[in-house]
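Just work15.txt here, compact mmCIF, C-alpha atoms:
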```
# COMPACT_ATOMS: atom_id res chain seq x y z
CA MET L 276 80.52 128.32 100.52
CA THR L 277 79.29 131.79 99.75
CA SER L 278 82.29 133.96 100.52
CA GLY L 279 86.03 133.75 100.33
CA HIS L 280 89.07 135.53 99.02
CA GLU L 281 91.45 135.17 96.13
CA ILE L 282 94.96 133.99 96.96
CA SER L 283 97.71 136.45 96.10
CA PRO L 284 101.43 135.73 95.56
CA THR L 285 102.20 137.16 99.02
CA VAL L 286 99.85 134.87 100.96
CA ILE L 287 101.85 132.64 103.28
CA GLU L 288 99.10 131.71 105.73
CA GLY L 289 98.89 128.18 106.95
CA ALA L 290 98.31 126.03 109.96
CA ASP L 291 98.35 122.40 110.96
CA ASP L 292 95.23 120.37 111.73
CA VAL L 293 92.98 122.25 109.32
CA ALA L 294 90.86 121.54 106.27
CA LEU L 295 90.90 124.44 103.80
CA PRO L 296 88.06 124.58 101.22
CA PHE L 297 88.75 126.25 97.86
CA SER L 298 87.32 126.75 94.41
CA VAL L 299 88.70 127.50 90.96
CA GLU L 300 85.73 128.97 89.14
CA ALA L 301 87.49 129.14 85.78
CA LEU L 302 87.85 125.35 85.82
CA ASP L 303 84.54 124.57 87.58
CA VAL L 304 86.32 122.73 90.37
CA ARG L 305 86.06 122.76 94.14
CA GLY L 306 88.07 120.95 96.73
CA ARG L 307 89.86 120.86 100.04
CA VAL L 308 93.42 120.74 101.28
CA VAL L 309 94.05 118.98 104.59
CA ARG L 310 97.14 119.37 106.78
CA LEU L 311 97.41 117.15 109.86
CA GLY L 312 100.18 117.68 112.40
CA PRO L 313 99.82 117.14 116.17
CA SER L 314 96.44 115.43 115.73
CA VAL L 315 97.70 112.64 113.51
CA ASP L 316 100.99 112.35 115.40
CA THR L 317 99.07 111.81 118.65
CA ILE L 318 96.98 109.08 117.03
CA LEU L 319 99.96 107.27 115.52
CA ARG L 320 102.33 107.57 118.50
CA ARG L 321 99.74 106.51 121.06
CA HIS L 322 99.72 102.91 119.85
CA GLY L 323 103.36 102.63 118.83
CA TYR L 324 102.51 101.43 115.32
CA PRO L 325 105.36 100.15 113.14
CA ASP L 326 106.29 102.84 110.64
CA PRO L 327 104.57 101.21 107.60
CA VAL L 328 101.34 100.81 109.57
CA ALA L 329 101.57 104.38 110.88
CA ARG L 330 102.00 105.77 107.38
CA LEU L 331 99.05 103.77 106.05
CA LEU L 332 96.80 104.88 108.91
CA GLY L 333 97.98 108.46 108.40
CA GLU L 334 96.88 108.31 104.75
CA ALA L 335 93.51 106.92 105.82
CA ALA L 336 93.12 109.74 108.36
CA ALA L 337 93.91 112.42 105.77
CA LEU L 338 91.46 110.88 103.30
CA THR L 339 88.74 110.64 105.94
CA VAL L 340 89.13 114.32 106.86
CA LEU L 341 89.07 115.30 103.19
CA LEU L 342 85.71 113.57 102.81
CA GLY L 343 84.20 114.07 106.25
CA SER L 344 84.92 117.78 106.47
CA SER L 345 82.46 118.35 103.62
CA LEU L 346 79.50 117.31 105.79
CA LYS L 347 77.02 120.15 106.22
CA PHE L 348 75.33 118.63 109.26
CA GLU L 349 76.26 117.18 112.62
CA GLY L 350 76.97 113.56 111.93
CA ARG L 351 79.72 111.03 111.45
CA PHE L 352 81.78 109.91 108.47
CA GLN L 353 83.50 106.56 108.94
CA PHE L 354 86.25 104.98 106.84
CA GLN L 355 86.77 101.25 107.41
CA THR L 356 88.79 98.53 105.71
CA LYS L 357 88.63 94.78 106.28
CA SER L 358 91.11 92.67 104.39
CA ASP L 359 93.41 89.65 104.39
CA GLY L 360 96.66 91.63 104.47
CA PRO L 361 99.05 92.26 107.38
CA VAL L 362 96.89 95.26 108.30
CA GLU L 363 93.60 93.47 108.89
CA MET L 364 91.45 96.47 109.68
CA ILE L 365 91.54 100.25 109.67
CA VAL L 366 88.82 102.41 111.23
CA VAL L 367 88.84 106.20 111.04
CA ASP L 368 85.96 108.26 112.45
CA PHE L 369 85.33 111.89 111.63
CA GLU L 370 82.59 113.43 113.75
CA ALA L 371 81.44 116.70 112.22
CA PRO L 372 82.46 119.37 112.43
CA ASP L 373 85.98 118.72 113.70
CA ARG L 374 86.65 115.52 115.72
CA LEU L 375 89.01 112.82 114.44
CA ARG L 376 89.99 109.42 115.80
CA ALA L 377 91.59 106.36 114.17
CA THR L 378 92.89 102.88 114.89
CA ALA L 379 94.34 99.88 113.06
CA ARG L 380 94.60 96.15 113.73
CA PHE L 381 97.60 94.38 112.29
CA ASP L 382 99.71 91.24 112.48
CA ALA L 383 103.09 92.40 113.76
CA GLU L 384 104.95 89.32 112.47
CA ARG L 385 103.52 89.66 108.97
CA VAL L 386 104.38 93.36 108.89
CA LYS L 387 107.93 92.61 110.04
CA ALA L 388 108.29 89.90 107.39
CA LEU L 389 107.72 92.50 104.66
CA GLY L 390 111.16 93.94 105.43
CA THR L 391 112.41 97.50 105.59
CA THR L 392 112.02 98.51 101.95
CA PRO L 393 109.39 101.18 101.21
CA LEU L 394 105.98 99.52 101.11
CA LYS L 395 102.88 100.31 99.10
CA SER L 396 99.49 100.39 100.76
CA ALA L 397 98.50 97.33 98.73
CA ASP L 398 101.35 95.36 100.35
CA LEU L 399 99.80 95.98 103.76
CA ILE L 400 96.09 95.80 102.94
CA GLY L 401 95.89 92.89 100.51
CA GLN L 402 92.45 91.85 99.28
CA GLY L 403 89.22 92.91 100.96
CA HIS L 404 86.88 95.87 100.95
CA LEU L 405 86.68 99.51 101.96
CA ALA L 406 83.44 100.94 103.32
CA MET L 407 82.69 104.64 103.66
CA THR L 408 79.66 105.40 105.81
CA ILE L 409 77.74 108.62 106.47
CA ASP L 410 75.71 108.46 109.67
CA GLN L 411 73.38 111.39 110.46
CA GLY L 412 72.01 109.85 113.65
CA ASN L 413 69.10 107.66 114.68
CA ASP L 414 66.49 109.74 112.85
CA PHE L 415 68.10 109.19 109.43
CA SER L 416 69.11 106.23 107.29
CA ARG L 417 72.82 105.58 106.99
CA TYR L 418 74.47 105.86 103.58
CA GLN L 419 77.31 103.48 102.76
CA GLY L 420 79.51 103.03 99.72
CA VAL L 421 81.70 99.94 99.39
CA VAL L 422 84.79 99.52 97.22
CA ALA L 423 86.61 96.24 96.59
CA LEU L 424 90.29 96.35 97.59
CA GLU L 425 92.19 94.46 94.93
CA GLY L 426 95.74 95.76 95.13
CA GLN L 427 95.10 99.46 94.55
CA SER L 428 96.32 102.35 96.69
CA LEU L 429 94.01 104.33 98.98
CA GLU L 430 94.10 107.15 96.43
CA GLU L 431 92.93 104.77 93.71
CA ALA L 432 90.27 103.31 96.00
CA ALA L 433 88.96 106.84 96.63
CA HIS L 434 88.76 107.48 92.88
CA GLN L 435 86.84 104.23 92.45
CA TYR L 436 84.47 105.18 95.28
CA PHE L 437 83.54 108.49 93.68
CA ARG L 438 83.29 106.90 90.27
CA GLN L 439 80.80 104.20 91.27
CA SER L 440 78.99 105.81 94.23
CA GLU L 441 78.93 109.54 93.54
CA GLN L 442 79.52 109.81 89.78
CA ILE L 443 81.64 112.91 90.38
CA PRO L 444 84.99 113.33 88.58
CA THR L 445 87.42 113.43 91.51
CA GLN L 446 91.18 113.48 91.97
CA VAL L 447 92.87 112.77 95.31
CA ARG L 448 96.46 113.02 96.51
CA LEU L 449 97.66 111.74 99.90
CA ALA L 450 101.00 111.79 101.69
CA VAL L 451 102.52 110.99 105.08
CA ALA L 452 106.01 111.77 106.34
CA GLU L 453 108.07 112.10 109.50
CA GLN L 454 109.42 115.50 110.42
CA PHE L 455 112.68 115.74 112.34
CA ALA L 456 113.17 118.97 114.28
CA ASN L 457 114.86 119.99 117.54
CA GLY L 458 115.92 116.43 118.28
CA THR L 459 112.44 114.96 117.96
CA ASN L 460 110.46 113.42 115.18
CA SER L 461 106.73 113.60 114.49
CA TYR L 462 104.32 112.38 111.84
CA ARG L 463 102.54 114.68 109.44
CA ALA L 464 99.85 113.85 106.90
CA GLY L 465 98.35 115.81 104.05
CA GLY L 466 95.76 115.46 101.36
CA LEU L 467 94.30 117.29 98.38
CA LEU L 468 90.89 116.62 96.85
CA VAL L 469 89.59 118.26 93.69
CA GLN L 470 86.15 117.66 92.16
CA PHE L 471 84.71 118.75 88.82
CA LEU L 472 81.28 120.32 89.41
CA PRO L 473 80.12 122.10 86.24
CA GLN L 474 76.57 123.39 85.91
CA SER L 475 76.00 121.15 82.90
CA ILE L 476 75.77 117.48 83.91
CA ASP L 477 76.84 116.40 80.43
CA ARG L 478 80.23 118.05 80.95
CA ALA L 479 80.91 115.77 83.93
CA ARG L 480 80.04 112.48 82.20
CA LEU L 481 82.22 109.51 83.10
CA ALA L 482 82.90 106.30 81.26
CA ASP L 483 80.80 103.40 82.52
CA LEU L 484 82.28 100.87 84.91
CA PRO L 485 83.35 97.54 83.33
CA PRO L 486 80.14 95.87 82.10
CA GLY L 487 80.84 92.38 83.51
CA ASP L 488 77.97 90.10 82.44
CA ILE L 489 75.99 92.85 80.77
CA PRO L 490 73.53 91.43 78.18
CA GLU L 491 74.71 91.47 74.60
CA GLY L 492 73.66 94.57 72.73
CA HIS L 493 73.39 96.78 75.82
CA ALA L 494 75.09 100.15 75.32
CA HIS L 495 78.31 100.61 77.27
CA LEU L 496 80.48 103.70 77.20
CA GLY L 497 84.10 102.77 77.72
CA GLU L 498 87.14 104.92 78.52
CA GLY L 499 87.79 105.76 74.89
CA GLU L 500 84.18 106.68 74.11
CA VAL L 501 83.67 109.52 76.62
CA ARG L 502 85.62 112.70 75.96
CA GLU L 503 86.61 114.38 79.20
CA ASP L 504 85.98 118.08 79.54
CA ASP L 505 89.07 120.21 78.86
CA ALA L 506 88.69 122.09 82.14
CA TRP L 507 88.69 118.84 84.12
CA VAL L 508 91.66 117.48 82.18
CA GLU L 509 93.59 120.64 83.07
CA ALA L 510 92.61 120.53 86.76
CA ARG L 511 93.38 116.84 87.11
CA SER L 512 96.72 117.23 85.36
CA LEU L 513 97.70 120.04 87.73
CA VAL L 514 96.78 117.96 90.77
CA ASN L 515 98.91 115.10 89.47
CA THR L 516 101.97 117.37 89.53
CA VAL L 517 101.80 117.67 93.33
CA GLU L 518 104.75 116.03 95.05
CA ASP L 519 104.36 114.20 98.36
CA HIS L 520 106.59 116.66 100.19
CA GLU L 521 104.38 119.58 99.15
CA LEU L 522 101.46 118.04 101.06
CA VAL L 523 103.38 117.62 104.32
CA ASP L 524 106.11 120.29 104.31
CA PRO L 525 105.34 122.82 107.10
CA GLU L 526 107.07 125.47 104.99
CA VAL L 527 104.55 124.98 102.15
CA SER L 528 101.20 126.16 103.48
CA SER L 529 97.93 125.03 101.98
CA GLU L 530 97.44 128.51 100.54
CA ARG L 531 100.90 128.52 98.98
CA LEU L 532 100.32 125.09 97.44
CA LEU L 533 97.00 126.18 95.92
CA TYR L 534 98.62 129.32 94.52
CA ARG L 535 101.36 127.23 92.89
CA LEU L 536 98.76 125.02 91.25
CA PHE L 537 96.04 127.41 90.17
CA HIS L 538 97.36 130.98 90.18
CA GLU L 539 96.97 131.30 86.41
CA ARG L 540 93.27 130.50 86.70
CA GLY L 541 92.58 132.25 90.01
CA VAL L 542 91.85 130.29 93.16
CA ARG L 543 89.53 131.34 95.97
CA VAL L 544 89.85 129.96 99.51
CA PHE L 545 87.20 129.89 102.23
CA GLU L 546 87.24 129.71 106.00
CA ALA L 547 89.58 127.02 107.25
CA GLN L 548 88.10 124.32 109.46
CA ARG L 549 90.08 123.26 112.53
CA ILE L 550 90.57 119.53 113.15
CA HIS L 551 90.97 118.05 116.65
CA GLU L 552 92.02 114.60 117.78
CA ARG L 553 89.12 113.58 120.02
CA CYS L 554 87.71 110.20 120.96
CA ARG L 555 83.97 109.57 121.27
CA CYS L 556 84.33 107.16 124.18
CA SER L 557 82.94 108.06 127.62
CA PRO L 558 81.81 106.19 130.75
CA GLU L 559 78.20 106.56 129.60
CA ARG L 560 78.93 105.11 126.14
CA VAL L 561 80.90 102.22 127.63
CA LEU L 562 78.08 101.39 130.06
CA GLY L 563 75.58 101.51 127.22
CA MET L 564 77.74 99.20 125.11
CA ILE L 565 78.10 96.63 127.91
CA ARG L 566 74.38 96.75 128.67
CA SER L 567 73.64 95.86 125.05
CA PHE L 568 75.08 92.35 125.58
CA ALA L 569 73.07 89.38 126.80
CA PRO L 570 73.11 88.63 130.55
CA GLN L 571 75.50 85.67 130.27
CA GLU L 572 77.86 87.67 128.07
CA ARG L 573 77.91 90.46 130.65
CA ARG L 574 78.72 87.94 133.39
CA ASP L 575 81.55 86.53 131.27
CA MET L 576 83.11 90.00 131.09
CA VAL L 577 83.70 90.10 134.86
CA ALA L 578 87.38 89.45 135.68
CA GLU L 579 88.79 87.64 138.73
CA ASP L 580 88.91 90.91 140.66
CA GLY L 581 85.15 91.29 140.26
CA ARG L 582 85.42 94.23 137.85
CA ILE L 583 84.86 94.71 134.11
CA GLY L 584 87.86 96.18 132.34
CA ILE L 585 87.40 97.88 128.94
CA THR L 586 90.14 99.57 126.91
CA CYS L 587 89.14 101.89 124.08
CA GLU L 588 90.77 100.74 120.83
CA PHE L 589 91.00 104.33 119.62
CA CYS L 590 92.43 106.32 122.52
CA SER L 591 93.64 103.48 124.81
CA ARG L 592 91.68 104.89 127.74
CA ARG L 593 91.04 102.21 130.35
CA TYR L 594 87.61 101.92 131.98
CA ASP L 595 87.21 100.04 135.27
CA ILE L 596 83.52 99.23 135.61
CA ASP L 597 81.56 97.95 138.60
CA PRO L 598 79.20 95.17 137.35
CA ALA L 599 76.53 96.43 139.74
CA GLU L 600 76.57 99.77 137.93
CA VAL L 601 76.06 97.95 134.63
CA GLU L 602 73.10 95.98 135.93
CA ALA L 603 71.45 98.99 137.52
CA GLY L 604 68.26 99.78 135.64
CA ILE L 605 68.42 96.65 133.44
CA ASP L 606 65.30 94.48 133.57
CA ASP L 607 66.62 91.28 131.96
CA PRO L 608 65.22 87.80 132.46
CA ALA L 609 67.53 85.61 134.49
```
Let me see whether you can do it: turn the structure in this file into structure tokens.
Amino acid sequence: MTSGHEISPTVIEGADDVALPFSVEALDVRGRVVRLGPSVDTILRRHGYPDPVARLLGEAAALTVLLGSSLKFEGRFQFQTKSDGPVEMIVVDFEAPDRLRATARFDAERVKALGTTPLKSADLIGQGHLAMTIDQGNDFSRYQGVVALEGQSLEEAAHQYFRQSEQIPTQVRLAVAEQFANGTNSYRAGGLLVQFLPQSIDRARLADLPPGDIPEGHAHLGEGEVREDDAWVEARSLVNTVEDHELVDPEVSSERLLYRLFHERGVRVFEAQRIHERCRCSPERVLGMIRSFAPQERRDMVAEDGRIGITCEFCSRRYDIDPAEVEAGIDDPA
């Protein structure tokens, strides 16, 4: 980010389905605000998710855009959970620079059994792991960071990810809500990410992770032994004042929210990045996927009508495939 403009008290810009980068030079922090409207509503309504599942997937989508929109190359950022909770799996794909898709697998009876009281993400996820993967294509190695899910929120899991994988002081806020207007209701999601990036590495030092079975006598810096930089303490404290409704209220634009938080220090915003709900599936990708299976497995896919039916888990598009088209060009042993 090489150019931008300072936010003034009169700025009321704002739009849905955008990621807005910003910096606060006086505090040595950079970050992004994400507002998702029609894109996330399309994803959540398409599958008819129960409200608790929809809200959890909406948080995951906002977090994925916060992280994926920072990619400086054409590639893919994937967020995936696998766990023993009522929501068994979440997958969110962000394909740079602007394509988002998401899906969740869940046990409807277990979700229903949790009742109608407000649920925490931990109630739905349970125990498992969260993987965040950066894929730059076949010519590059994939990078993956994994976080254990042990009852923490997605916000807390994100903090843990940056602490152990990136070693960057990071604060994240996420929110999802339903908006009721003109007789209809729609989901909205929002997120705010702030990172401390001073020129001096020593200023960004973090306490070590719990030492576990570290050998006796090995140095370990705990929470009380590392003094956090005053600028980061101030920035993090300001982020923690953000209310959920400020992240999703269409009347509170991203620019207005940033001005509320950082106007005393001066905040600079950069070109907003549009976000689109788009699936990666296509007839060519589906054919390639089917052809990757062994011959007997491909034969087992053929239904009684002599066709292969595939439904995309992300966008619910149905593909009706002729087995002869699959076998065309394949030189497999019988």
Open item on the list: With distances taken over only C-alpha atoms, which residue among L:Arg448, L:Arg582, L:Arg560, L:Arg320 lies nearest Asn515 of chain L?
Closed with: L:Arg448
Quick one: which segment 337-385 of chain L residues come within 12 Å of segment 552-556 of chain L, and what is the nearest atom pair for each with the distance in Å to one decimal, counting only C-alpha atoms, rows ordered by chain and ascending number, as a Markdown table?
```
| residue | atom | partner | partner_atom | distance |
| --- | --- | --- | --- | --- |
| L:Val340 | CA | L:Glu552 | CA | 11.3 |
| L:Arg351 | CA | L:Arg555 | CA | 10.8 |
| L:Val367 | CA | L:Cys554 | CA | 10.8 |
| L:Asp368 | CA | L:Cys554 | CA | 8.9 |
| L:Phe369 | CA | L:Arg553 | CA | 9.4 |
| L:Glu370 | CA | L:Arg555 | CA | 8.6 |
| L:Ala371 | CA | L:Arg553 | CA | 11.4 |
| L:Pro372 | CA | L:Arg553 | CA | 11.6 |
| L:Asp373 | CA | L:Glu552 | CA | 8.4 |
| L:Arg374 | CA | L:Arg553 | CA | 5.3 |
| L:Leu375 | CA | L:Glu552 | CA | 4.8 |
| L:Arg376 | CA | L:Cys554 | CA | 5.7 |
| L:Ala377 | CA | L:Cys554 | CA | 8.7 |
| L:Thr378 | CA | L:Cys554 | CA | 10.8 |
```
So that I can check the surroundings of Ala432 of chain L, please list as a PDB file with C-alpha atoms, in the coordinates of the input every protein, DNA and RNA residue that reaches within 12 Å of it, counting all atoms listed in the file and ignoring chain neighbours fewer than 4 positions away.
```
ATOM      1  CA  ALA L 335      93.510 106.920 105.820  1.00  0.00           C
ATOM      2  CA  LEU L 338      91.460 110.880 103.300  1.00  0.00           C
ATOM      3  CA  PHE L 354      86.250 104.980 106.840  1.00  0.00           C
ATOM      4  CA  THR L 356      88.790  98.530 105.710  1.00  0.00           C
ATOM      5  CA  SER L 396      99.490 100.390 100.760  1.00  0.00           C
ATOM      6  CA  ALA L 397      98.500  97.330  98.730  1.00  0.00           C
ATOM      7  CA  ILE L 400      96.090  95.800 102.940  1.00  0.00           C
ATOM      8  CA  GLY L 403      89.220  92.910 100.960  1.00  0.00           C
ATOM      9  CA  HIS L 404      86.880  95.870 100.950  1.00  0.00           C
ATOM     10  CA  LEU L 405      86.680  99.510 101.960  1.00  0.00           C
ATOM     11  CA  ALA L 406      83.440 100.940 103.320  1.00  0.00           C
ATOM     12  CA  MET L 407      82.690 104.640 103.660  1.00  0.00           C
ATOM     13  CA  GLY L 420      79.510 103.030  99.720  1.00  0.00           C
ATOM     14  CA  VAL L 421      81.700  99.940  99.390  1.00  0.00           C
ATOM     15  CA  VAL L 422      84.790  99.520  97.220  1.00  0.00           C
ATOM     16  CA  ALA L 423      86.610  96.240  96.590  1.00  0.00           C
ATOM     17  CA  LEU L 424      90.290  96.350  97.590  1.00  0.00           C
ATOM     18  CA  GLU L 425      92.190  94.460  94.930  1.00  0.00           C
ATOM     19  CA  GLY L 426      95.740  95.760  95.130  1.00  0.00           C
ATOM     20  CA  GLN L 427      95.100  99.460  94.550  1.00  0.00           C
ATOM     21  CA  SER L 428      96.320 102.350  96.690  1.00  0.00           C
ATOM     22  CA  TYR L 436      84.470 105.180  95.280  1.00  0.00           C
ATOM     23  CA  PHE L 437      83.540 108.490  93.680  1.00  0.00           C
ATOM     24  CA  ARG L 438      83.290 106.900  90.270  1.00  0.00           C
ATOM     25  CA  GLN L 439      80.800 104.200  91.270  1.00  0.00           C
ATOM     26  CA  SER L 440      78.990 105.810  94.230  1.00  0.00           C
ATOM     27  CA  THR L 445      87.420 113.430  91.510  1.00  0.00           C
ATOM     28  CA  GLN L 446      91.180 113.480  91.970  1.00  0.00           C
ATOM     29  CA  VAL L 447      92.870 112.770  95.310  1.00  0.00           C
ATOM     30  CA  ARG L 448      96.460 113.020  96.510  1.00  0.00           C
ATOM     31  CA  LEU L 449      97.660 111.740  99.900  1.00  0.00           C
TER      32      LEU L 449
END
```
Task: For Asp595 of chain L: contacts at 9 Å, all atoms listed in the file, fewer than 4 positions along chain excluded, given as number ranges by chain - done: L: 582-586
Could you write out that same residue set with C-alpha atoms as a CSV table (one decimal), in the coordinates of the input?
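Generated output (again.csv):
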```csv
chain,number,residue,atom,x,y,z
L,582,ARG,CA,85.4,94.2,137.8
L,583,ILE,CA,84.9,94.7,134.1
L,584,GLY,CA,87.9,96.2,132.3
L,585,ILE,CA,87.4,97.9,128.9
L,586,THR,CA,90.1,99.6,126.9
```
Task: Phe568 of chain L environment, 12 Å, only C-alpha atoms, sequence neighbours closer than 6 positions dropped, as a PyMOL selection string - done: chain L and resi 561-562+574-576+601-602+605+607
Task: Option closest in space to Glu530 of chain L, from L:Gly581, L:Pro558, L:Pro296, L:Pro473 [counting all atoms listed in the file] - done: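 Checking each candidate against Glu530 of chain L, we get L:Pro296 as the closest.
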Excluding Ala337 of chain L and its own-chain neighbours fewer than 4 positions away, which residues fall within 9 Å of it when counting all atoms listed in the file? Please give them as a PDB file with C-alpha atoms, in the frame of the given file.
```
ATOM      1  CA  VAL L 309      94.050 118.980 104.590  1.00  0.00           C
ATOM      2  CA  ARG L 310      97.140 119.370 106.780  1.00  0.00           C
ATOM      3  CA  LEU L 311      97.410 117.150 109.860  1.00  0.00           C
ATOM      4  CA  VAL L 315      97.700 112.640 113.510  1.00  0.00           C
ATOM      5  CA  LEU L 332      96.800 104.880 108.910  1.00  0.00           C
ATOM      6  CA  GLY L 333      97.980 108.460 108.400  1.00  0.00           C
ATOM      7  CA  LEU L 341      89.070 115.300 103.190  1.00  0.00           C
ATOM      8  CA  LEU L 342      85.710 113.570 102.810  1.00  0.00           C
ATOM      9  CA  LEU L 449      97.660 111.740  99.900  1.00  0.00           C
ATOM     10  CA  ALA L 450     101.000 111.790 101.690  1.00  0.00           C
ATOM     11  CA  VAL L 451     102.520 110.990 105.080  1.00  0.00           C
ATOM     12  CA  ALA L 464      99.850 113.850 106.900  1.00  0.00           C
ATOM     13  CA  GLY L 465      98.350 115.810 104.050  1.00  0.00           C
ATOM     14  CA  GLY L 466      95.760 115.460 101.360  1.00  0.00           C
ATOM     15  CA  LEU L 467      94.300 117.290  98.380  1.00  0.00           C
TER      16      LEU L 467
END
```
TODO: Grab the atom CA of Leu472 of chain L to atom CA of Glu521 of chain L distance for me, in Å with one decimal place.
DONE: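 Interatomic distance here is 25.1 Å.
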TODO: Could you tell me how far atom CA of Leu468 of chain L lies from atom CA of Gln402 of chain L, in Å and to one decimal?
DONE: 24.9 Å
- [ ] Identify, on the basis of all atoms listed in the file, every residue whose closest approach to Arg478 of chain L does not exceed 12 Å; exclude the query and any residue fewer than 2 positions from it along the same chain; express the result as a list in words.
- [x]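 Counting only the stated atoms, we get Leu302, Asp303, Ile443, Pro444, Phe471, Leu472, Pro473, Gln474, Ser475, Ile476, Arg480, Leu481, Val501, Arg502, Glu503, Asp504, Asp505, Ala506, Trp507 and Val508 of chain L.
The coordinates place atom CA of Asp414 of chain L at 27.1 Å from atom CA of Glu588 of chain L.
Closest to Asp519 of chain L among L:Ala603, L:Ser298, L:Glu334, L:Ile565 is L:Glu334, based on all atoms listed in the file.
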Need the axis-aligned box for segment 307-320 of chain L with 8 Å each side, so what are the centre and edges in Å to one decimal, as lines of an AutoDock Vina configuration file?
```
center_x = 96.1
center_y = 114.1
center_z = 109.3
size_x = 28.5
size_y = 29.6
size_z = 34.6
```
Please output segment 352-363 of chain L, rebuilt to include N, CA and C atoms, as a CSV table (one decimal), in the coordinates of the input.
```csv
chain,number,residue,atom,x,y,z
L,352,PHE,N,81.3,110.6,109.7
L,352,PHE,CA,81.8,109.9,108.5
L,352,PHE,C,82.8,108.9,108.9
L,353,GLN,N,82.6,107.6,108.5
L,353,GLN,CA,83.5,106.6,108.9
L,353,GLN,C,84.1,105.9,107.7
L,354,PHE,N,85.4,105.7,107.8
L,354,PHE,CA,86.2,105.0,106.8
L,354,PHE,C,86.7,103.7,107.5
L,355,GLN,N,86.4,102.5,106.8
L,355,GLN,CA,86.8,101.2,107.4
L,355,GLN,C,87.2,100.3,106.3
L,356,THR,N,88.3,99.6,106.6
L,356,THR,CA,88.8,98.5,105.7
L,356,THR,C,88.8,97.2,106.5
L,357,LYS,N,88.5,96.1,105.8
L,357,LYS,CA,88.6,94.8,106.3
L,357,LYS,C,89.3,94.0,105.2
L,358,SER,N,90.4,93.3,105.5
L,358,SER,CA,91.1,92.7,104.4
L,358,SER,C,92.0,91.5,104.9
L,359,ASP,N,92.6,90.8,104.0
L,359,ASP,CA,93.4,89.6,104.4
L,359,ASP,C,94.9,90.0,104.5
L,360,GLY,N,95.3,91.3,104.4
L,360,GLY,CA,96.7,91.6,104.5
L,360,GLY,C,97.2,91.7,105.9
L,361,PRO,N,98.5,92.1,106.0
L,361,PRO,CA,99.0,92.3,107.4
L,361,PRO,C,98.3,93.3,108.2
L,362,VAL,N,97.8,94.3,107.6
L,362,VAL,CA,96.9,95.3,108.3
L,362,VAL,C,95.5,94.8,108.1
L,363,GLU,N,94.9,94.1,109.1
L,363,GLU,CA,93.6,93.5,108.9
L,363,GLU,C,92.4,94.4,108.9
```
